[in-house]
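Engineer: structure03.csv is the file, holding CSV, C-alpha atoms and all ligand atoms:
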```csv
chain,number,residue,atom,x,y,z
H,30,MET,CA,129.6,91.1,102.6
H,31,ARG,CA,130.3,92.1,99.0
H,32,LEU,CA,131.9,89.5,96.8
H,33,ASP,CA,134.8,91.8,95.9
H,34,LYS,CA,135.4,92.6,99.6
H,35,CYS,CA,135.3,88.9,100.4
H,36,LEU,CA,137.9,88.1,97.7
H,37,GLU,CA,140.1,91.0,98.9
H,38,LYS,CA,139.9,89.8,102.5
H,39,ALA,CA,140.9,86.4,101.4
H,40,GLY,CA,144.1,87.9,100.0
H,41,LEU,CA,143.3,87.3,96.4
H,42,GLY,CA,144.8,90.5,95.1
H,43,SER,CA,144.3,94.2,94.8
H,44,ARG,CA,140.9,95.7,93.9
H,45,LYS,CA,142.0,95.9,90.3
H,46,GLN,CA,143.2,92.3,90.3
H,47,ILE,CA,139.9,91.2,91.8
H,48,LYS,CA,137.9,93.1,89.2
H,49,THR,CA,139.9,91.2,86.5
H,50,LEU,CA,139.3,87.9,88.3
H,51,LEU,CA,135.6,88.6,88.2
H,52,LYS,CA,135.5,89.9,84.6
H,53,SER,CA,137.5,87.0,83.3
H,54,ARG,CA,134.9,84.6,84.7
H,55,GLN,CA,137.1,82.8,87.3
H,56,VAL,CA,134.8,83.2,90.3
H,57,THR,CA,131.8,81.1,91.2
H,58,VAL,CA,129.3,81.2,94.1
H,59,ASP,CA,127.6,77.9,94.8
H,60,GLY,CA,128.6,76.7,91.4
H,61,MET,CA,127.2,79.7,89.6
H,62,LEU,CA,129.4,82.1,87.7
H,63,ALA,CA,129.8,85.4,89.5
H,64,THR,CA,130.9,88.5,87.7
H,65,ALA,CA,129.5,91.4,89.9
H,66,GLY,CA,131.7,92.5,92.7
H,67,SER,CA,128.6,94.0,94.4
H,68,GLN,CA,127.0,90.6,94.8
H,69,ILE,CA,126.3,90.0,98.5
H,70,VAL,CA,127.8,86.7,99.7
H,71,ASP,CA,128.5,84.8,102.9
H,72,SER,CA,131.3,82.3,102.9
H,73,GLY,CA,129.7,80.4,105.8
H,74,LEU,CA,126.4,79.9,103.8
H,75,GLN,CA,127.8,79.6,100.3
H,76,VAL,CA,130.8,78.0,98.6
H,77,ILE,CA,132.9,80.7,96.9
H,78,GLU,CA,135.5,79.4,94.5
H,79,VAL,CA,138.2,80.9,92.3
H,80,ASN,CA,139.3,78.7,89.5
H,81,GLY,CA,137.6,75.8,91.4
H,82,LYS,CA,139.5,76.4,94.6
H,83,LYS,CA,137.5,77.2,97.7
H,84,VAL,CA,137.9,80.6,99.3
H,85,ASP,CA,138.2,80.2,103.0
H,86,LEU,CA,137.2,83.1,105.3
H,87,GLU,CA,136.0,83.4,108.8
H,88,ALA,CA,132.2,83.0,108.5
H,89,ALA,CA,129.8,85.7,109.7
H,90,VAL,CA,128.0,85.0,112.9
H,91,TYR,CA,124.2,85.1,113.5
H,92,TYR,CA,122.7,85.2,117.0
H,93,LEU,CA,119.0,85.0,118.0
H,94,LEU,CA,118.6,87.1,121.2
H,95,ASN,CA,115.7,87.2,123.6
H,96,LYS,CA,115.9,90.9,124.4
H,97,PRO,CA,114.9,92.0,127.9
H,98,ALA,CA,113.1,95.2,128.6
H,99,GLY,CA,115.4,98.0,129.7
H,100,VAL,CA,118.1,97.2,127.1
H,101,VAL,CA,118.6,99.3,124.0
H,102,SER,CA,118.8,98.0,120.4
H,103,ALA,CA,122.1,99.7,119.7
H,104,VAL,CA,125.8,99.0,119.4
H,105,SER,CA,126.7,101.6,122.1
H,106,ASP,CA,124.8,103.9,124.4
H,107,ALA,CA,126.0,106.3,127.0
H,108,ALA,CA,123.2,105.7,129.5
H,109,HIS,CA,121.9,102.2,129.0
H,110,GLN,CA,123.0,98.6,128.6
H,111,THR,CA,122.9,97.6,124.9
H,112,VAL,CA,122.0,94.3,123.2
H,113,ILE,CA,125.7,93.9,122.3
H,114,ASP,CA,126.6,94.1,126.0
H,115,LEU,CA,124.6,90.9,126.4
H,116,ILE,CA,126.9,89.0,124.0
H,117,ALA,CA,129.6,87.0,125.8
H,118,GLU,CA,133.2,88.0,125.2
H,119,LYS,CA,134.0,84.8,123.4
H,120,ASP,CA,131.1,85.4,120.9
H,121,ARG,CA,132.0,89.0,120.2
H,122,ARG,CA,133.1,89.9,116.7
H,123,ALA,CA,134.0,93.2,115.1
H,124,GLY,CA,130.9,94.8,113.4
H,125,LEU,CA,128.3,93.0,115.5
H,126,TYR,CA,125.0,94.9,115.3
H,127,PRO,CA,121.2,94.3,115.8
H,128,ILE,CA,119.1,93.8,112.7
H,129,GLY,CA,116.4,96.4,113.2
H,130,ARG,CA,115.2,97.9,116.5
H,131,LEU,CA,112.9,97.1,119.3
H,132,ASP,CA,111.9,99.9,121.7
H,133,ARG,CA,113.8,99.9,125.1
H,134,ASP,CA,110.7,98.5,126.9
H,135,THR,CA,110.0,95.8,124.2
H,136,GLU,CA,111.1,92.3,124.8
H,137,GLY,CA,111.7,89.4,122.5
H,138,LEU,CA,113.4,88.2,119.3
H,139,LEU,CA,116.2,90.3,117.9
H,140,LEU,CA,118.8,89.0,115.4
H,141,ILE,CA,122.4,90.1,115.8
H,142,THR,CA,125.1,89.7,113.2
H,143,ASN,CA,128.3,91.0,111.8
H,144,ASN,CA,127.1,90.5,108.2
H,145,GLY,CA,126.3,94.2,107.6
H,146,PRO,CA,124.7,94.0,104.1
H,147,LEU,CA,122.6,91.0,104.9
H,148,GLY,CA,121.0,92.6,107.9
H,149,PHE,CA,120.1,95.8,105.9
H,150,ARG,CA,118.5,93.7,103.2
H,151,MET,CA,116.3,91.9,105.7
H,152,LEU,CA,114.9,95.3,106.7
H,153,HIS,CA,114.3,96.4,103.1
H,154,PRO,CA,110.6,96.7,102.3
H,155,LYS,CA,111.2,94.6,99.2
H,156,TYR,CA,111.6,91.4,101.3
H,157,HIS,CA,108.4,91.9,103.3
H,158,VAL,CA,109.8,90.2,106.4
H,159,ASP,CA,106.8,89.6,108.7
H,160,LYS,CA,107.1,90.3,112.4
H,161,VAL,CA,104.8,88.8,115.0
H,162,TYR,CA,104.2,90.4,118.4
H,163,GLU,CA,102.4,89.5,121.6
H,164,VAL,CA,100.6,92.5,122.9
H,165,GLU,CA,98.9,93.5,126.1
H,166,VAL,CA,96.7,96.7,126.2
H,167,ASN,CA,94.9,98.7,128.8
H,168,GLY,CA,91.4,98.4,127.2
H,169,PHE,CA,88.9,96.3,125.4
H,170,LEU,CA,89.7,94.8,122.0
H,171,ALA,CA,86.2,94.3,120.4
H,172,PRO,CA,85.9,91.8,117.5
H,173,ASP,CA,85.8,94.8,115.1
H,174,ALA,CA,89.5,95.4,116.0
H,175,VAL,CA,90.4,92.6,113.6
H,176,THR,CA,88.9,94.4,110.6
H,177,PHE,CA,90.3,97.7,111.9
H,178,PHE,CA,93.9,96.3,111.6
H,179,LYS,CA,93.1,94.4,108.4
H,180,ASN,CA,92.0,97.6,106.6
H,181,GLY,CA,95.4,99.3,107.2
H,182,VAL,CA,95.6,101.5,110.3
H,183,GLU,CA,96.0,105.3,109.7
H,184,PHE,CA,98.1,107.3,112.1
H,185,LEU,CA,97.2,110.9,113.1
H,186,ASP,CA,99.8,112.3,110.7
H,187,GLY,CA,98.1,110.5,107.8
H,188,THR,CA,100.6,107.6,107.5
H,189,VAL,CA,98.7,104.5,106.4
H,190,CYS,CA,100.0,101.1,107.4
H,191,GLN,CA,99.9,97.9,105.4
H,192,PRO,CA,97.2,95.5,106.5
H,193,ALA,CA,98.0,93.7,109.7
H,194,ILE,CA,96.6,90.4,111.1
H,195,LEU,CA,95.2,90.7,114.6
H,196,GLU,CA,94.3,87.7,116.7
H,197,ILE,CA,92.5,88.5,120.0
H,198,LEU,CA,93.6,86.1,122.7
H,199,SER,CA,91.5,87.6,125.5
H,200,ALA,CA,89.4,90.8,125.9
H,201,ASP,CA,88.2,92.5,129.1
H,202,ILE,CA,87.1,96.1,129.8
H,203,SER,CA,90.5,97.2,131.0
H,204,PHE,CA,92.9,94.5,129.8
H,205,SER,CA,93.2,92.6,126.6
H,206,ARG,CA,95.8,90.3,125.0
H,207,ALA,CA,96.4,89.8,121.3
H,208,ARG,CA,98.9,88.6,118.7
H,209,ILE,CA,99.6,90.8,115.7
H,210,ARG,CA,101.5,90.2,112.5
H,211,ILE,CA,102.8,93.1,110.5
H,212,SER,CA,105.0,93.3,107.4
H,213,GLU,CA,106.6,96.7,108.0
H,214,GLY,CA,108.9,98.3,110.5
H,215,LYS,CA,107.8,101.8,111.1
H,216,PHE,CA,109.0,103.6,114.2
H,217,HIS,CA,106.8,102.5,117.3
H,218,GLN,CA,104.5,100.9,114.7
H,219,VAL,CA,102.6,98.5,117.0
H,220,LYS,CA,102.1,101.0,119.8
H,221,LYS,CA,100.9,103.6,117.4
H,222,MET,CA,98.5,101.2,115.7
H,223,PHE,CA,96.8,100.2,118.9
H,224,LEU,CA,96.7,103.9,120.0
H,225,ALA,CA,94.9,104.6,116.7
H,226,TYR,CA,92.3,102.0,117.8
H,227,GLY,CA,92.0,103.7,121.2
H,228,VAL,CA,94.1,101.6,123.6
H,229,LYS,CA,97.6,101.8,125.0
H,230,VAL,CA,100.1,99.0,124.7
H,231,THR,CA,101.3,98.0,128.2
H,232,TYR,CA,103.5,95.1,127.2
H,233,LEU,CA,105.1,94.1,123.9
H,234,LYS,CA,107.1,91.1,122.9
H,235,ARG,CA,108.3,90.1,119.4
H,236,ILE,CA,107.9,86.3,118.9
H,237,ALA,CA,108.8,86.0,115.2
H,238,PHE,CA,110.8,87.8,112.6
H,239,GLY,CA,110.5,86.3,109.1
H,240,PRO,CA,111.4,82.6,109.3
H,241,PHE,CA,112.9,83.0,112.8
H,242,VAL,CA,110.8,82.1,115.9
H,243,LEU,CA,111.5,82.7,119.6
H,244,GLU,CA,111.2,79.5,121.6
H,245,ASP,CA,109.8,79.5,125.1
H,246,ASP,CA,113.0,77.9,126.5
H,247,LEU,CA,115.3,80.7,125.4
H,248,ALA,CA,115.5,82.7,128.7
H,249,VAL,CA,115.1,86.5,128.6
H,250,GLY,CA,118.5,88.1,128.2
H,251,THR,CA,120.1,85.0,126.6
H,252,TYR,CA,120.9,84.2,123.0
H,253,ARG,CA,121.9,81.3,120.8
H,254,GLU,CA,123.5,80.8,117.4
H,255,LEU,CA,121.1,80.2,114.4
H,256,THR,CA,120.9,76.5,113.5
H,257,SER,CA,122.1,75.4,110.2
H,258,ARG,CA,118.6,75.1,108.9
H,259,GLU,CA,117.9,78.7,110.0
H,260,LYS,CA,121.1,79.8,108.2
H,261,GLU,CA,119.8,78.2,105.1
H,262,ALA,CA,116.7,80.4,105.4
H,263,LEU,CA,119.1,83.5,105.3
H,264,LYS,CA,120.0,82.6,101.7
H,265,GLU,CA,116.8,84.1,100.3
H,266,PHE,CA,118.1,87.5,101.4
H,267,LEU,CA,121.3,87.1,99.4
H,268,ASP,CA,119.6,87.2,96.0
W,1,LIG,N1,106.5,98.4,117.4
W,1,LIG,C1,106.6,99.1,118.5
W,1,LIG,O1,105.8,100.0,118.8
W,1,LIG,N2,107.7,98.9,119.3
W,1,LIG,C2,108.6,98.0,119.0
W,1,LIG,O2,109.6,97.8,119.8
W,1,LIG,C3,108.4,97.2,117.9
W,1,LIG,C4,107.3,97.4,117.1
```
So, in terms of structure tokens, how does the structure I just supplied come out?

Structural biologist:
Amino acid sequence: MRLDKCLEKAGLGSRKQIKTLLKSRQVTVDGMLATAGSQIVDSGLQVIEVNGKKVDLEAAVYYLLNKPAGVVSAVSDAAHQTVIDLIAEKDRRAGLYPIGRLDRDTEGLLLITNNGPLGFRMLHPKYHVDKVYEVEVNGFLAPDAVTFFKNGVEFLDGTVCQPAILEILSADISFSRARIRISEGKFHQVKKMFLAYGVKVTYLKRIAFGPFVLEDDLAVGTYRELTSREKEALKEFLD
């Protein structure tokens, strides 16, 4: 959350008083002087101090979910189960939401947090968060597909994608498997890229998102908290 909001939540005064605290150089984040109220911080990941005294707030939560097919990447939905419905009552927090979207029929890694600004930053093109997917398609992936994806796939509407890295795992006339790494998050991007090559995606699973990787032992439909090492990796998105 924003530093000024964080200080306000910690009961350190009115907006005006907090502005003064910041301007008069009384606030530090991880030992560094902080004067901008707009700075994004997380009291669980960083030490926030006012005049050398630690500001204590309930830390944000971060869950890594293995999303099943059939569940929507939304906070609420009138017709379908949502990824938030998969979070146990004891782990629910106000403001929980998924960072980014997977299609309803896509499985795999989805981060869920109540740290609003951090999630939005991770999706910003500036951070180039790579996503890796396992893909099955209904046709033949010839060796030239690697170059096709590397050159930047063009959709029918003229949209050109950033280069993607394709690794063909198996290829047969009516069924191929591959792994693909992309650095953007366009709507239905992976499915549209393979369509542009001439095959249809029949199964899609995200296995990595930036530094976060889906382990085989995290059952579909279950989630876990990020480890402290993974939380350290979140810090790069706070700058
Ligand atoms: N690309 C897609 O086409 N679908 C997803 O769910 C994610 C990436």

Engineer: What is the distance, in Å and to one decimal place, between atom CA of Gly168 of chain H and atom CA of Met222 of chain H?

Structural biologist: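 Those two atoms sit 13.8 Å apart.
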
Engineer: Would you tabulate, counting all atoms listed in the file, all residues of segment 187-231 of chain H that have an atom at most 12 Å from an atom of segment 140-155 of chain H, showing the closest pair of atoms and their distance in Å to one decimal, sorted by chain then ascending number, as CSV?

Structural biologist:
```
residue,atom,partner,partner_atom,distance
H:Gln191,CA,H:Pro154,CA,11.2
H:Ile211,CA,H:Pro154,CA,11.9
H:Ser212,CA,H:Pro154,CA,8.3
H:Glu213,CA,H:Pro154,CA,7.0
H:Gly214,CA,H:Leu152,CA,7.7
H:Lys215,CA,H:Pro154,CA,10.5
```

Engineer: Return as a VMD selection string every polymer residue, whether protein, DNA or RNA, with at least one atom no more than 6 Å from an atom of ligand LIG 1 (chain W); count all atoms listed in the file.

Structural biologist: chain H and resid 131 to 132 135 217 to 220

Engineer: Let me see the file: selected residues, C-alpha atoms, as an mmCIF file, in the frame of the given file.

Structural biologist:
```cif
data_model
loop_
_atom_site.group_PDB
_atom_site.id
_atom_site.type_symbol
_atom_site.label_atom_id
_atom_site.label_comp_id
_atom_site.auth_asym_id
_atom_site.auth_seq_id
_atom_site.Cartn_x
_atom_site.Cartn_y
_atom_site.Cartn_z
ATOM 1 C CA LEU H 131 112.900 97.100 119.300
ATOM 2 C CA ASP H 132 111.900 99.900 121.700
ATOM 3 C CA THR H 135 110.000 95.800 124.200
ATOM 4 C CA HIS H 217 106.800 102.500 117.300
ATOM 5 C CA GLN H 218 104.500 100.900 114.700
ATOM 6 C CA VAL H 219 102.600 98.500 117.000
ATOM 7 C CA LYS H 220 102.100 101.000 119.800
#
```

Engineer: Can you list, as a ChimeraX atom specification, every protein, DNA or RNA residue that comes within 12 Å of Ser205 of chain H when you count only C-alpha atoms, leaving out same-chain residues fewer than 4 positions away?

Structural biologist: /H:163-172,174,196-201,223,228-232

Engineer: What is the distance, in Å and to one decimal place, between atom CA of Leu138 of chain H and atom CA of Arg235 of chain H?

Structural biologist: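 A separation of 5.4 Å between them.
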
Engineer: What's the 6 Å shell around segment 247-250 of chain H, counting all atoms listed in the file, without same-chain residues fewer than 6 positions away, as a list in words?

Structural biologist: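 Contacts, in chain order: Asn95, Lys96 and Pro97 of chain H.
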
Engineer: Using all atoms listed in the file, pick whichever of H:Gly81, H:Gly181, H:Gly129, H:Gly239 has the shortest atom-to-atom distance to Leu62 of chain H.

Structural biologist: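 The shortest atom-to-atom distance to Leu62 of chain H comes from H:Gly81.
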
Engineer: Which one is closest to Arg122 of chain H: H:Ala88, H:Ser67, H:Ala103, H:Leu195? Count only C-alpha atoms.

Structural biologist: H:Ala88

Engineer: Could you work out how far atom CA of Ala237 of chain H lies from atom CA of Ala207 of chain H, giving the answer in Å with one decimal?

Structural biologist: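 Atom CA of Ala237 of chain H lies 14.3 Å from atom CA of Ala207 of chain H.
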
Engineer: For Asp268 of chain H, which of H:Asn80, H:Tyr156, H:Ser102, H:Gly227 is the closest residue, counting all atoms listed in the file?

Structural biologist: H:Tyr156

Engineer: For each of H:Thr64, H:Arg210, H:Gly124, H:Arg133, take the minimum atom-to-atom distance to His157 of chain H, counting all atoms listed in the file, then give the residue where this is smallest.

Structural biologist: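 Among H:Thr64, H:Arg210, H:Gly124, H:Arg133, it is H:Arg210 that comes nearest to His157 of chain H.
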
Engineer: Would you kindly return, as a compact mmCIF listing (two decimals) with C-alpha atoms, in the frame of the given file, each protein, DNA or RNA residue with an atom no farther than 8 Å from any atom of Gln110 of chain H, considering all atoms listed in the file and excluding same-chain residues fewer than 2 positions away?

Structural biologist:
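As written to disk, result02.txt reads:
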```txt
# COMPACT_ATOMS: atom_id res chain seq x y z
CA GLY H 99 115.40 98.00 129.70
CA VAL H 100 118.10 97.20 127.10
CA VAL H 101 118.60 99.30 124.00
CA ASP H 106 124.80 103.90 124.40
CA ALA H 108 123.20 105.70 129.50
CA VAL H 112 122.00 94.30 123.20
CA ASP H 114 126.60 94.10 126.00
```

Engineer: So, counting only C-alpha atoms, which residue among H:Ile113, H:Leu74, H:Val161, H:Leu185 is closest to Leu86 of chain H?

Structural biologist: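 Looking at the shortest contact to Leu86 of chain H, the residue is H:Leu74.
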
Engineer: Keeping just all heavy atoms, export segment 53-64 of chain H of this structure as an mmCIF file, in the first residue's frame.

Structural biologist:
```cif
data_model
loop_
_atom_site.group_PDB
_atom_site.id
_atom_site.type_symbol
_atom_site.label_atom_id
_atom_site.label_comp_id
_atom_site.auth_asym_id
_atom_site.auth_seq_id
_atom_site.Cartn_x
_atom_site.Cartn_y
_atom_site.Cartn_z
ATOM 1 N N SER H 53 9.149 16.407 6.982
ATOM 2 C CA SER H 53 10.171 16.774 7.976
ATOM 3 C C SER H 53 11.146 15.620 8.224
ATOM 4 O O SER H 53 11.813 15.569 9.249
ATOM 5 C CB SER H 53 9.500 17.230 9.263
ATOM 6 O OG SER H 53 8.617 16.210 9.701
ATOM 7 N N ARG H 54 11.190 14.687 7.294
ATOM 8 C CA ARG H 54 12.217 13.648 7.237
ATOM 9 C C ARG H 54 12.263 12.797 8.506
ATOM 10 O O ARG H 54 13.333 12.499 9.032
ATOM 11 C CB ARG H 54 13.586 14.284 6.950
ATOM 12 C CG ARG H 54 13.577 15.155 5.712
ATOM 13 C CD ARG H 54 14.744 16.106 5.668
ATOM 14 N NE ARG H 54 15.993 15.440 5.348
ATOM 15 C CZ ARG H 54 16.442 15.203 4.126
ATOM 16 N NH1 ARG H 54 15.737 15.586 3.097
ATOM 17 N NH2 ARG H 54 17.586 14.601 3.932
ATOM 18 N N GLN H 55 11.063 12.386 8.940
ATOM 19 C CA GLN H 55 11.015 11.571 10.170
ATOM 20 C C GLN H 55 10.727 10.091 9.868
ATOM 21 O O GLN H 55 10.624 9.291 10.773
ATOM 22 C CB GLN H 55 9.926 12.116 11.103
ATOM 23 C CG GLN H 55 10.200 13.541 11.563
ATOM 24 C CD GLN H 55 9.103 14.043 12.476
ATOM 25 O OE1 GLN H 55 8.910 13.521 13.561
ATOM 26 N NE2 GLN H 55 8.377 15.047 12.050
ATOM 27 N N VAL H 56 10.547 9.788 8.553
ATOM 28 C CA VAL H 56 10.129 8.429 8.183
ATOM 29 C C VAL H 56 11.224 7.729 7.374
ATOM 30 O O VAL H 56 11.809 8.328 6.468
ATOM 31 C CB VAL H 56 8.819 8.479 7.349
ATOM 32 C CG1 VAL H 56 8.314 7.076 7.050
ATOM 33 C CG2 VAL H 56 7.747 9.291 8.078
ATOM 34 N N THR H 57 11.472 6.457 7.714
ATOM 35 C CA THR H 57 12.413 5.665 6.896
ATOM 36 C C THR H 57 11.769 4.333 6.503
ATOM 37 O O THR H 57 10.899 3.820 7.214
ATOM 38 C CB THR H 57 13.729 5.359 7.652
ATOM 39 O OG1 THR H 57 13.391 4.659 8.870
ATOM 40 C CG2 THR H 57 14.514 6.603 7.976
ATOM 41 N N VAL H 58 12.198 3.815 5.357
ATOM 42 C CA VAL H 58 11.771 2.487 4.898
ATOM 43 C C VAL H 58 13.046 1.689 4.665
ATOM 44 O O VAL H 58 13.893 2.103 3.855
ATOM 45 C CB VAL H 58 10.939 2.578 3.596
ATOM 46 C CG1 VAL H 58 10.588 1.179 3.091
ATOM 47 C CG2 VAL H 58 9.668 3.390 3.822
ATOM 48 N N ASP H 59 13.192 0.600 5.396
ATOM 49 C CA ASP H 59 14.430 -0.199 5.351
ATOM 50 C C ASP H 59 15.668 0.689 5.542
ATOM 51 O O ASP H 59 16.670 0.548 4.822
ATOM 52 C CB ASP H 59 14.522 -0.987 4.038
ATOM 53 C CG ASP H 59 13.717 -2.279 4.094
ATOM 54 O OD1 ASP H 59 13.295 -2.673 5.201
ATOM 55 O OD2 ASP H 59 13.499 -2.888 3.029
ATOM 56 N N GLY H 60 15.550 1.649 6.435
ATOM 57 C CA GLY H 60 16.688 2.499 6.766
ATOM 58 C C GLY H 60 16.907 3.681 5.829
ATOM 59 O O GLY H 60 17.759 4.518 6.083
ATOM 60 N N MET H 61 16.123 3.734 4.743
ATOM 61 C CA MET H 61 16.287 4.833 3.778
ATOM 62 C C MET H 61 15.225 5.892 4.039
ATOM 63 O O MET H 61 14.041 5.552 4.214
ATOM 64 C CB MET H 61 16.101 4.325 2.339
ATOM 65 C CG MET H 61 17.033 3.202 1.942
ATOM 66 S SD MET H 61 18.709 3.779 1.745
ATOM 67 C CE MET H 61 18.548 4.690 0.223
ATOM 68 N N LEU H 62 15.646 7.142 4.015
ATOM 69 C CA LEU H 62 14.722 8.248 4.223
ATOM 70 C C LEU H 62 13.586 8.184 3.189
ATOM 71 O O LEU H 62 13.827 7.947 2.007
ATOM 72 C CB LEU H 62 15.495 9.555 4.051
ATOM 73 C CG LEU H 62 14.691 10.812 4.333
ATOM 74 C CD1 LEU H 62 14.365 10.896 5.824
ATOM 75 C CD2 LEU H 62 15.493 12.039 3.900
ATOM 76 N N ALA H 63 12.345 8.341 3.663
ATOM 77 C CA ALA H 63 11.198 8.292 2.739
ATOM 78 C C ALA H 63 10.400 9.580 2.898
ATOM 79 O O ALA H 63 9.947 9.902 3.983
ATOM 80 C CB ALA H 63 10.324 7.084 3.061
ATOM 81 N N THR H 64 10.249 10.302 1.794
ATOM 82 C CA THR H 64 9.537 11.594 1.876
ATOM 83 C C THR H 64 8.294 11.624 0.991
ATOM 84 O O THR H 64 7.492 12.544 1.098
ATOM 85 C CB THR H 64 10.460 12.754 1.458
ATOM 86 O OG1 THR H 64 11.008 12.432 0.192
ATOM 87 C CG2 THR H 64 11.558 12.988 2.474
#
```
